[in-house]
$ cat target.pdb   # PDB, C-alpha atoms and all ligand atoms
ATOM      1  CA  MET A   1      10.301  -6.920  24.188
ATOM      2  CA  LYS A   2       6.952  -6.965  22.399
ATOM      3  CA  LEU A   3       6.881  -3.920  20.140
ATOM      4  CA  ASN A   4       3.926  -4.959  17.978
ATOM      5  CA  THR A   5       0.464  -3.510  18.497
ATOM      6  CA  ASN A   6      -2.909  -4.924  17.529
ATOM      7  CA  ALA A   7      -3.409  -2.257  14.854
ATOM      8  CA  LYS A   8      -4.061  -3.591  11.370
ATOM      9  CA  VAL A   9      -1.118  -2.711   9.125
ATOM     10  CA  THR A  10      -2.517  -0.875   6.093
ATOM     11  CA  TRP A  11       0.685  -0.322   4.119
ATOM     12  CA  CYS A  12       0.579  -1.940   0.650
ATOM     13  CA  PRO A  13       1.849  -5.545   0.761
ATOM     14  CA  GLY A  14       5.599  -5.453   0.108
ATOM     15  CA  CYS A  15       5.986  -1.738   0.888
ATOM     16  CA  PRO A  16       9.592  -1.020   1.977
ATOM     17  CA  ASN A  17       8.129   0.797   5.011
ATOM     18  CA  PHE A  18       8.015  -2.700   6.534
ATOM     19  CA  GLY A  19      11.822  -2.744   6.282
ATOM     20  CA  ILE A  20      12.089   0.518   8.228
ATOM     21  CA  LEU A  21       9.677  -0.755  10.887
ATOM     22  CA  ALA A  22      11.648  -4.014  11.246
ATOM     23  CA  ALA A  23      15.006  -2.199  11.410
ATOM     24  CA  PHE A  24      13.679   0.197  14.040
ATOM     25  CA  LYS A  25      12.168  -2.543  16.203
ATOM     26  CA  ASN A  26      15.402  -4.550  16.033
ATOM     27  CA  SER A  27      17.383  -1.478  17.005
ATOM     28  CA  ILE A  28      15.148  -0.713  20.005
ATOM     29  CA  ASN A  29      15.278  -4.332  21.139
ATOM     30  CA  ASP A  30      19.100  -4.288  20.981
ATOM     31  CA  LEU A  31      19.325  -1.003  22.892
ATOM     32  CA  VAL A  32      16.859  -2.122  25.567
ATOM     33  CA  LYS A  33      18.626  -5.463  25.946
ATOM     34  CA  ALA A  34      21.974  -3.683  26.316
ATOM     35  CA  LYS A  35      20.315  -1.409  28.944
ATOM     36  CA  GLU A  36      21.293   1.666  26.929
ATOM     37  CA  ILE A  37      17.696   2.896  26.893
ATOM     38  CA  LYS A  38      14.478   2.138  28.743
ATOM     39  CA  SER A  39      11.465   1.626  26.518
ATOM     40  CA  GLU A  40       9.356   3.869  28.804
ATOM     41  CA  ASP A  41      11.775   6.754  28.140
ATOM     42  CA  LEU A  42      11.200   6.614  24.392
ATOM     43  CA  THR A  43       8.844   9.145  22.810
ATOM     44  CA  ILE A  44       8.047   8.551  19.168
ATOM     45  CA  PHE A  45       6.391  11.065  16.826
ATOM     46  CA  SER A  46       5.273  10.962  13.210
ATOM     47  CA  GLY A  47       3.778  13.365  10.689
ATOM     48  CA  ILE A  48       1.239  12.785   7.952
ATOM     49  CA  GLY A  49       1.810  10.413   5.045
ATOM     50  CA  CYS A  50       2.260   6.664   4.640
ATOM     51  CA  HIS A  51       5.216   6.863   7.060
ATOM     52  CA  GLY A  52       2.921   8.406   9.697
ATOM     53  CA  LYS A  53       1.189   5.098  10.344
ATOM     54  CA  ILE A  54       4.364   3.746  11.967
ATOM     55  CA  THR A  55       3.323   5.224  15.316
ATOM     56  CA  GLU A  56       0.236   2.948  15.275
ATOM     57  CA  TYR A  57       2.432  -0.119  14.832
ATOM     58  CA  LEU A  58       4.797   0.481  17.762
ATOM     59  CA  ASN A  59       3.935  -0.481  21.312
ATOM     60  CA  LEU A  60       5.753   2.563  22.751
ATOM     61  CA  ASN A  61       4.812   6.130  23.779
ATOM     62  CA  THR A  62       3.756   7.470  20.385
ATOM     63  CA  PHE A  63       2.031  10.549  18.988
ATOM     64  CA  THR A  64       0.802  11.050  15.416
ATOM     65  CA  SER A  65       1.080  14.748  14.686
ATOM     66  CA  LEU A  66       0.014  17.143  11.926
ATOM     67  CA  HIS A  67       1.634  17.459   8.531
ATOM     68  CA  GLY A  68       5.276  18.445   8.956
ATOM     69  CA  ARG A  69       4.972  18.932  12.724
ATOM     70  CA  ALA A  70       6.612  15.835  14.243
ATOM     71  CA  ILE A  71       9.928  17.631  14.869
ATOM     72  CA  PRO A  72       8.633  20.534  17.022
ATOM     73  CA  LEU A  73       6.811  18.012  19.225
ATOM     74  CA  ALA A  74      10.028  16.037  19.686
ATOM     75  CA  LEU A  75      11.900  19.265  20.445
ATOM     76  CA  GLY A  76       9.279  20.387  22.989
ATOM     77  CA  THR A  77       9.439  16.992  24.676
ATOM     78  CA  LYS A  78      13.196  17.279  25.110
ATOM     79  CA  ILE A  79      12.943  20.778  26.553
ATOM     80  CA  ALA A  80      10.236  19.693  29.029
ATOM     81  CA  ASN A  81      12.045  16.517  30.065
ATOM     82  CA  PRO A  82      15.596  16.161  28.688
ATOM     83  CA  LYS A  83      15.886  12.616  30.085
ATOM     84  CA  LEU A  84      13.451  11.297  27.491
ATOM     85  CA  LYS A  85      14.632  10.102  24.095
ATOM     86  CA  ALA A  86      12.736  11.774  21.250
ATOM     87  CA  ILE A  87      12.515  10.238  17.795
ATOM     88  CA  ALA A  88      10.574  11.786  14.921
ATOM     89  CA  PHE A  89       9.543   9.739  11.889
ATOM     90  CA  VAL A  90       8.805  11.978   8.931
ATOM     91  CA  GLY A  91       8.151  11.641   5.200
ATOM     92  CA  ASP A  92       9.811  13.535   2.341
ATOM     93  CA  GLY A  93       6.641  15.406   1.399
ATOM     94  CA  ASP A  94       5.937  15.949   5.084
ATOM     95  CA  VAL A  95       9.307  17.288   6.237
ATOM     96  CA  TYR A  96      10.885  18.816   3.109
ATOM     97  CA  ALA A  97       7.718  20.737   2.141
ATOM     98  CA  GLU A  98       5.355  21.670   5.008
ATOM     99  CA  GLY A  99       7.847  20.965   7.794
ATOM    100  CA  LEU A 100      11.084  22.235   6.264
ATOM    101  CA  ASP A 101      11.547  25.168   8.641
ATOM    102  CA  HIS A 102      11.277  22.831  11.654
ATOM    103  CA  LEU A 103      13.942  20.518  10.233
ATOM    104  CA  ILE A 104      16.391  23.353   9.596
ATOM    105  CA  HIS A 105      15.916  24.956  13.014
ATOM    106  CA  ALA A 106      16.110  21.694  14.966
ATOM    107  CA  ALA A 107      19.378  20.914  13.152
ATOM    108  CA  LYS A 108      20.638  24.458  13.787
ATOM    109  CA  LYS A 109      19.842  24.130  17.509
ATOM    110  CA  ASN A 110      21.501  20.686  17.678
ATOM    111  CA  ALA A 111      18.626  19.463  19.826
ATOM    112  CA  ASP A 112      19.068  15.861  20.991
ATOM    113  CA  VAL A 113      16.434  14.527  18.627
ATOM    114  CA  THR A 114      16.647  11.734  16.055
ATOM    115  CA  VAL A 115      14.852  12.356  12.778
ATOM    116  CA  ILE A 116      14.180   9.366  10.518
ATOM    117  CA  VAL A 117      12.952  10.275   7.034
ATOM    118  CA  HIS A 118      11.030   7.793   4.887
ATOM    119  CA  ASN A 119      12.035   9.273   1.522
ATOM    120  CA  ASN A 120      10.045   7.754  -1.334
ATOM    121  CA  GLN A 121      10.321  10.888  -3.504
ATOM    122  CA  VAL A 122       6.551  11.141  -3.908
ATOM    123  CA  PHE A 123       3.419  12.081  -1.943
ATOM    124  CA  ALA A 124       2.190   8.493  -1.667
ATOM    125  CA  LEU A 125      -0.753   8.761   0.744
ATOM    126  CA  THR A 126      -2.433  11.196  -1.648
ATOM    127  CA  THR A 127      -1.735   8.760  -4.533
ATOM    128  CA  GLY A 128       1.292  10.254  -6.264
ATOM    129  CA  GLN A 129       2.278  13.914  -6.525
ATOM    130  CA  PHE A 130       5.875  15.156  -6.821
ATOM    131  CA  THR A 131       7.714  16.207  -3.649
ATOM    132  CA  PRO A 132      10.830  18.340  -3.043
ATOM    133  CA  THR A 133      13.044  15.259  -3.547
ATOM    134  CA  SER A 134      11.422  14.000  -6.763
ATOM    135  CA  PRO A 135      13.857  13.987  -9.673
ATOM    136  CA  LYS A 136      13.502  16.621 -12.369
ATOM    137  CA  GLY A 137      11.212  15.341 -15.123
ATOM    138  CA  LEU A 138       9.137  13.053 -12.872
ATOM    139  CA  LYS A 139       5.663  12.698 -14.321
ATOM    140  CA  SER A 140       3.156  12.622 -11.482
ATOM    141  CA  LYS A 141      -0.440  13.618 -10.823
ATOM    142  CA  SER A 142       0.684  17.163 -10.046
ATOM    143  CA  SER A 143       3.368  17.286 -12.763
ATOM    144  CA  PRO A 144       1.773  15.502 -15.748
ATOM    145  CA  GLN A 145       4.359  16.912 -18.154
ATOM    146  CA  GLY A 146       7.234  16.211 -15.789
ATOM    147  CA  SER A 147       8.505  18.160 -12.773
ATOM    148  CA  ILE A 148      10.495  21.213 -13.865
ATOM    149  CA  GLU A 149      12.302  21.532 -10.520
ATOM    150  CA  GLU A 150      15.689  20.207  -9.414
ATOM    151  CA  PRO A 151      15.394  18.027  -6.291
ATOM    152  CA  LEU A 152      16.483  19.209  -2.881
ATOM    153  CA  ASP A 153      19.609  17.616  -1.355
ATOM    154  CA  PRO A 154      18.488  16.865   2.247
ATOM    155  CA  LEU A 155      21.880  15.659   3.445
ATOM    156  CA  ALA A 156      23.697  18.795   2.287
ATOM    157  CA  LEU A 157      20.869  20.888   3.708
ATOM    158  CA  THR A 158      20.851  19.376   7.209
ATOM    159  CA  LEU A 159      24.647  19.282   7.368
ATOM    160  CA  SER A 160      24.761  22.994   6.474
ATOM    161  CA  ALA A 161      22.010  23.751   8.981
ATOM    162  CA  GLY A 162      24.071  22.308  11.857
ATOM    163  CA  ALA A 163      23.122  18.634  12.275
ATOM    164  CA  SER A 164      25.795  16.765  14.234
ATOM    165  CA  PHE A 165      24.988  13.337  12.742
ATOM    166  CA  VAL A 166      24.061  12.875   9.082
ATOM    167  CA  ALA A 167      23.391   9.478   7.491
ATOM    168  CA  ARG A 168      21.472   7.770   4.716
ATOM    169  CA  SER A 169      20.283   4.191   4.377
ATOM    170  CA  TYR A 170      18.076   2.003   2.188
ATOM    171  CA  ALA A 171      14.848   0.488   3.519
ATOM    172  CA  LEU A 172      15.460  -2.872   1.859
ATOM    173  CA  GLU A 173      18.794  -3.296   3.686
ATOM    174  CA  ILE A 174      17.298  -4.001   7.108
ATOM    175  CA  GLU A 175      20.436  -4.990   9.024
ATOM    176  CA  LYS A 176      22.472  -1.998   7.814
ATOM    177  CA  THR A 177      19.533   0.316   8.435
ATOM    178  CA  LYS A 178      19.238  -1.049  11.973
ATOM    179  CA  LYS A 179      22.897  -0.272  12.651
ATOM    180  CA  ILE A 180      22.540   3.290  11.369
ATOM    181  CA  ILE A 181      19.365   3.886  13.406
ATOM    182  CA  THR A 182      21.117   2.528  16.503
ATOM    183  CA  ALA A 183      24.114   4.832  15.974
ATOM    184  CA  ALA A 184      21.738   7.782  15.487
ATOM    185  CA  ILE A 185      19.833   7.035  18.701
ATOM    186  CA  GLN A 186      23.099   6.626  20.641
ATOM    187  CA  HIS A 187      24.347   9.971  19.304
ATOM    188  CA  LYS A 188      23.960  12.980  21.631
ATOM    189  CA  GLY A 189      22.682  15.829  19.485
ATOM    190  CA  PHE A 190      20.631  16.221  16.331
ATOM    191  CA  SER A 191      20.844  13.006  14.324
ATOM    192  CA  PHE A 192      19.426  12.928  10.833
ATOM    193  CA  VAL A 193      18.831   9.614   9.046
ATOM    194  CA  GLU A 194      17.343   9.650   5.600
ATOM    195  CA  ILE A 195      16.079   6.244   4.491
ATOM    196  CA  ILE A 196      15.454   5.754   0.800
ATOM    197  CA  GLN A 197      12.129   3.914   0.668
ATOM    198  CA  PRO A 198      10.746   3.192  -2.806
ATOM    199  CA  CYS A 199       6.966   3.486  -3.059
ATOM    200  CA  ILE A 200       6.185   0.319  -4.972
ATOM    201  CA  THR A 201       2.691   1.559  -5.837
ATOM    202  CA  PHE A 202       3.211   5.152  -7.033
ATOM    203  CA  TYR A 203       6.941   5.497  -7.743
ATOM    204  CA  ASP A 204       8.838   2.236  -7.807
ATOM    205  CA  THR A 205      12.562   3.068  -7.934
ATOM    206  CA  ARG A 206      13.879  -0.373  -6.973
ATOM    207  CA  GLU A 207      15.328  -1.142 -10.426
ATOM    208  CA  ILE A 208      16.920   2.307 -10.786
ATOM    209  CA  LEU A 209      18.447   2.031  -7.312
ATOM    210  CA  LYS A 210      19.973  -1.384  -8.005
ATOM    211  CA  ASN A 211      22.667   0.290 -10.102
ATOM    212  CA  LYS A 212      22.900   3.448  -8.041
ATOM    213  CA  ILE A 213      23.288   2.479  -4.399
ATOM    214  CA  GLU A 214      26.770   2.232  -2.991
ATOM    215  CA  TRP A 215      27.864   2.076   0.666
ATOM    216  CA  LEU A 216      30.544   4.333   2.053
ATOM    217  CA  ASP A 217      33.818   2.574   2.792
ATOM    218  CA  LYS A 218      33.667   0.872   6.217
ATOM    219  CA  LYS A 219      36.651   2.919   7.370
ATOM    220  CA  TYR A 220      35.076   6.199   6.315
ATOM    221  CA  LYS A 221      34.326   8.393   9.317
ATOM    222  CA  THR A 222      34.631  12.145   9.551
ATOM    223  CA  ASN A 223      33.938  14.990  11.913
ATOM    224  CA  ASN A 224      35.138  17.430   9.269
ATOM    225  CA  PHE A 225      32.278  19.460   7.806
ATOM    226  CA  TYR A 226      33.989  20.085   4.449
ATOM    227  CA  ASP A 227      35.007  16.447   3.961
ATOM    228  CA  ALA A 228      31.431  15.397   4.630
ATOM    229  CA  PHE A 229      30.057  18.092   2.324
ATOM    230  CA  ASN A 230      32.388  16.985  -0.490
ATOM    231  CA  LYS A 231      31.380  13.378   0.008
ATOM    232  CA  ILE A 232      27.675  14.284  -0.149
ATOM    233  CA  SER A 233      28.115  16.522  -3.230
ATOM    234  CA  LYS A 234      30.098  13.871  -5.077
ATOM    235  CA  SER A 235      27.356  11.344  -4.519
ATOM    236  CA  LYS A 236      24.969  13.048  -6.974
ATOM    237  CA  ASN A 237      25.032  10.314  -9.642
ATOM    238  CA  LYS A 238      25.324   7.505  -7.134
ATOM    239  CA  MET A 239      23.112   6.916  -4.113
ATOM    240  CA  LEU A 240      25.838   6.827  -1.461
ATOM    241  CA  LEU A 241      24.732   5.289   1.842
ATOM    242  CA  GLY A 242      26.198   5.248   5.336
ATOM    243  CA  ILE A 243      27.138   7.694   8.084
ATOM    244  CA  PHE A 244      28.529  10.808   6.392
ATOM    245  CA  TYR A 245      29.255  12.940   9.434
ATOM    246  CA  GLN A 246      29.336  12.798  13.217
ATOM    247  CA  VAL A 247      30.633  15.451  15.584
ATOM    248  CA  LYS A 248      30.253  16.400  19.277
ATOM    249  CA  LYS A 249      28.680  19.805  19.839
ATOM    250  CA  PRO A 250      26.752  21.534  22.655
ATOM    251  CA  ILE A 251      23.147  20.351  22.837
ATOM    252  CA  PHE A 252      20.246  22.800  22.735
ATOM    253  CA  GLU A 253      18.349  21.576  25.808
ATOM    254  CA  ASP A 254      21.563  21.566  27.917
ATOM    255  CA  GLU A 255      22.195  25.166  26.906
ATOM    256  CA  VAL A 256      18.568  26.073  27.714
TER     257      VAL A 256
HETATM  258 FE1  LIG B 301       4.100   2.085   0.708
HETATM  259 FE2  LIG B 301       3.631   3.527  -1.472
HETATM  260 FE3  LIG B 301       1.776   1.836  -0.551
HETATM  261 FE4  LIG B 301       2.360   4.078   0.770
HETATM  262  S1  LIG B 301       1.432   3.933  -1.277
HETATM  263  S2  LIG B 301       2.071   2.044   1.670
HETATM  264  S3  LIG B 301       4.572   4.253   0.432
HETATM  265  S4  LIG B 301       3.814   1.302  -1.357
END
$ encode --input "target.pdb" --output "structure tokens"
Amino acid sequence: MKLNTNAKVTWCPGCPNFGILAAFKNSINDLVKAKEIKSEDLTIFSGIGCHGKITEYLNLNTFTSLHGRAIPLALGTKIANPKLKAIAFVGDGDVYAEGLDHLIHAAKKNADVTVIVHNNQVFALTTGQFTPTSPKGLKSKSSPQGSIEEPLDPLALTLSAGASFVARSYALEIEKTKKIITAAIQHKGFSFVEIIQPCITFYDTREILKNKIEWLDKKYKTNNFYDAFNKISKSKNKMLLGIFYQVKKPIFEDEV
């Protein structure tokens, strides 16, 4: 199906956000073709940041929300009409700063919502300030002598909060990212997908990531919280990618 819109794409040329957009469109096309979803049942939300423009580039039911507020809109949609599929695109500055409480509570509720994070470890739309996932020491416009804070671990956080699907991917690996997005959309419950997305203009991590990224073993699959937590904690020096955890649990809107 035609998922493009006529909106002019204003991401920087070569921005890895294009990889996320391509992976998502491929995933939706596969799911629609397989009759697993109907495009008219999809509701797509975004927050504020470079990621937020993605809603303009998708010919689906989309809504660009306020900073950090994509998740409560997705949650409200599911409560009003549980048959719809709700997907929230968010950015690291957007969801781990302003919107952090919404992320934690949506995970805790296990609402049937998919959250896709464009994590570039910097506030890019405002031209480069450190975010909760920036590494300690990062020199940015708001930390000229280097950030003095340790970064947040979003996977450990959402797993602890109650997410029933936790995964991480890399924006430049489009096919693998598509598969993870598809698995997250197929999952019934709160699915959290963090996508590492270097900002090639304000914080280009592509070279650093070359030696850091590593995919989980193909056979790795767990519904054991502690196994998943250990796997996530051990991945501190590496950037481990893949589906860390998936479990069946009661869904918030069913319980409501
Ligand atoms: Fe992409 Fe960074 Fe440009 Fe934003 S500023 S469009 S994240 S490269």
$ residues_near_ligand --input "target.pdb" --ligand "ligand LIG 301 (chain B)" --cutoff "8 Å" --atoms "all atoms listed in the file" --output "list in words"
Thr10, Trp11, Cys12, Pro13, Gly14, Cys15, Pro16, Asn17, Gly49, Cys50, His51, Asn120, Ala124, Leu125, Thr127, Gln197, Pro198, Cys199, Ile200, Thr201, Phe202 and Tyr203 of chain A
$ resolve_selection --input "target.pdb" --expression "the PyMOL selection byres (((chain A and resi 237-249) around 7) and not hetatm)" --output "number ranges by chain"
A: 164-169, 212-216, 221-223, 228, 235-236, 250-251
$ closest_residue --input "target.pdb" --among "A:Ala80, A:Ala106, A:Met1, A:Ile116" --to "A:Ser46" --atoms "only C-alpha atoms"
A:Ile116
$ atom_distance --input "target.pdb" --atom1 "atom CA of A:Phe225" --atom2 "atom CA of A:Ile104"
16.5 Å
$ resolve_selection --input "target.pdb" --expression "the PyMOL selection byres (((chain A and resi 62) around 7) and not hetatm)" --output "list in words"
Thr43, Ile44, Phe45, Thr55, Leu60, Asn61, Phe63 and Thr64 of chain A
$ residues_around --input "target.pdb" --residues "A:Gly47" --least-positions-apart "6" --cutoff "6 Å" --atoms "all atoms listed in the file" --output "PyMOL selection string"
chain A and resi 65-68+70+90
$ atom_distance --input "target.pdb" --atom1 "atom CA of A:Gln121" --atom2 "atom CA of A:Asp92"
6.4 Å
$ residues_around --input "target.pdb" --residues "stretch 146-151 of chain A" --least-positions-apart "2" --cutoff "9 Å" --atoms "all atoms listed in the file" --output "MDAnalysis selection string"
chainID A and resid 130:140 142:144 153
$ write_last_selection --input "target.pdb" --atoms "C-alpha atoms" --output "compact mmCIF listing (two decimals), in the frame of the given file"
# COMPACT_ATOMS: atom_id res chain seq x y z
CA PHE A 130 5.88 15.16 -6.82
CA THR A 131 7.71 16.21 -3.65
CA PRO A 132 10.83 18.34 -3.04
CA THR A 133 13.04 15.26 -3.55
CA SER A 134 11.42 14.00 -6.76
CA PRO A 135 13.86 13.99 -9.67
CA LYS A 136 13.50 16.62 -12.37
CA GLY A 137 11.21 15.34 -15.12
CA LEU A 138 9.14 13.05 -12.87
CA LYS A 139 5.66 12.70 -14.32
CA SER A 140 3.16 12.62 -11.48
CA SER A 142 0.68 17.16 -10.05
CA SER A 143 3.37 17.29 -12.76
CA PRO A 144 1.77 15.50 -15.75
CA ASP A 153 19.61 17.62 -1.36
$ atom_distance --input "target.pdb" --atom1 "atom CA of A:Val193" --atom2 "atom CA of A:Ile181"
7.2 Å
$ residues_near_point --input "target.pdb" --point "(23.4, 1.7, 14.2)" --cutoff "12 Å" --atoms "all atoms listed in the file" --output "PDB file with C-alpha atoms, in the coordinates of the input"
ATOM      1  CA  ALA A  23      15.006  -2.199  11.410  1.00  0.00           C
ATOM      2  CA  PHE A  24      13.679   0.197  14.040  1.00  0.00           C
ATOM      3  CA  ASN A  26      15.402  -4.550  16.033  1.00  0.00           C
ATOM      4  CA  SER A  27      17.383  -1.478  17.005  1.00  0.00           C
ATOM      5  CA  ILE A  28      15.148  -0.713  20.005  1.00  0.00           C
ATOM      6  CA  ASP A  30      19.100  -4.288  20.981  1.00  0.00           C
ATOM      7  CA  LEU A  31      19.325  -1.003  22.892  1.00  0.00           C
ATOM      8  CA  PHE A 165      24.988  13.337  12.742  1.00  0.00           C
ATOM      9  CA  ALA A 167      23.391   9.478   7.491  1.00  0.00           C
ATOM     10  CA  ARG A 168      21.472   7.770   4.716  1.00  0.00           C
ATOM     11  CA  SER A 169      20.283   4.191   4.377  1.00  0.00           C
ATOM     12  CA  ILE A 174      17.298  -4.001   7.108  1.00  0.00           C
ATOM     13  CA  GLU A 175      20.436  -4.990   9.024  1.00  0.00           C
ATOM     14  CA  LYS A 176      22.472  -1.998   7.814  1.00  0.00           C
ATOM     15  CA  THR A 177      19.533   0.316   8.435  1.00  0.00           C
ATOM     16  CA  LYS A 178      19.238  -1.049  11.973  1.00  0.00           C
ATOM     17  CA  LYS A 179      22.897  -0.272  12.651  1.00  0.00           C
ATOM     18  CA  ILE A 180      22.540   3.290  11.369  1.00  0.00           C
ATOM     19  CA  ILE A 181      19.365   3.886  13.406  1.00  0.00           C
ATOM     20  CA  THR A 182      21.117   2.528  16.503  1.00  0.00           C
ATOM     21  CA  ALA A 183      24.114   4.832  15.974  1.00  0.00           C
ATOM     22  CA  ALA A 184      21.738   7.782  15.487  1.00  0.00           C
ATOM     23  CA  ILE A 185      19.833   7.035  18.701  1.00  0.00           C
ATOM     24  CA  GLN A 186      23.099   6.626  20.641  1.00  0.00           C
ATOM     25  CA  HIS A 187      24.347   9.971  19.304  1.00  0.00           C
ATOM     26  CA  SER A 191      20.844  13.006  14.324  1.00  0.00           C
ATOM     27  CA  VAL A 193      18.831   9.614   9.046  1.00  0.00           C
ATOM     28  CA  GLY A 242      26.198   5.248   5.336  1.00  0.00           C
ATOM     29  CA  ILE A 243      27.138   7.694   8.084  1.00  0.00           C
TER      30      ILE A 243
END
$ closest_residue --input "target.pdb" --among "A:Lys231, A:Lys8, A:Lys25, A:Lys53" --to "A:Leu155" --atoms "all atoms listed in the file"
A:Lys231
$ closest_residue --input "target.pdb" --among "A:Lys109, A:Phe192, A:Thr158, A:Ser39" --to "A:Ala88" --atoms "all atoms listed in the file"
A:Phe192
$ closest_residue --input "target.pdb" --among "A:Asn110, A:Thr205, A:Thr5, A:Asn224" --to "A:Ala161" --atoms "all atoms listed in the file"
A:Asn110
$ closest_residue --input "target.pdb" --among "A:Glu255, A:Asp204, A:Asp41, A:Glu36" --to "A:Gly128" --atoms "only C-alpha atoms"
A:Asp204
$ residues_around --input "target.pdb" --residues "A:Tyr57" --least-positions-apart "4" --cutoff "8 Å" --atoms "only C-alpha atoms" --output "list in words"
Leu3, Asn4, Thr5, Asn6, Ala7, Val9 and Lys53 of chain A
$ write_last_selection --input "target.pdb" --atoms "C-alpha atoms" --output "short mmCIF file (atom, residue, chain, number, x, y, z; two decimals), in the coordinates of the input"
data_model
loop_
_atom_site.label_atom_id
_atom_site.label_comp_id
_atom_site.auth_asym_id
_atom_site.auth_seq_id
_atom_site.Cartn_x
_atom_site.Cartn_y
_atom_site.Cartn_z
CA LEU A 3 6.88 -3.92 20.14
CA ASN A 4 3.93 -4.96 17.98
CA THR A 5 0.46 -3.51 18.50
CA ASN A 6 -2.91 -4.92 17.53
CA ALA A 7 -3.41 -2.26 14.85
CA VAL A 9 -1.12 -2.71 9.12
CA LYS A 53 1.19 5.10 10.34
#
$ closest_residue --input "target.pdb" --among "A:Gly189, A:Gly162, A:Gly99, A:Gly19" --to "A:Leu73" --atoms "only C-alpha atoms"
A:Gly99
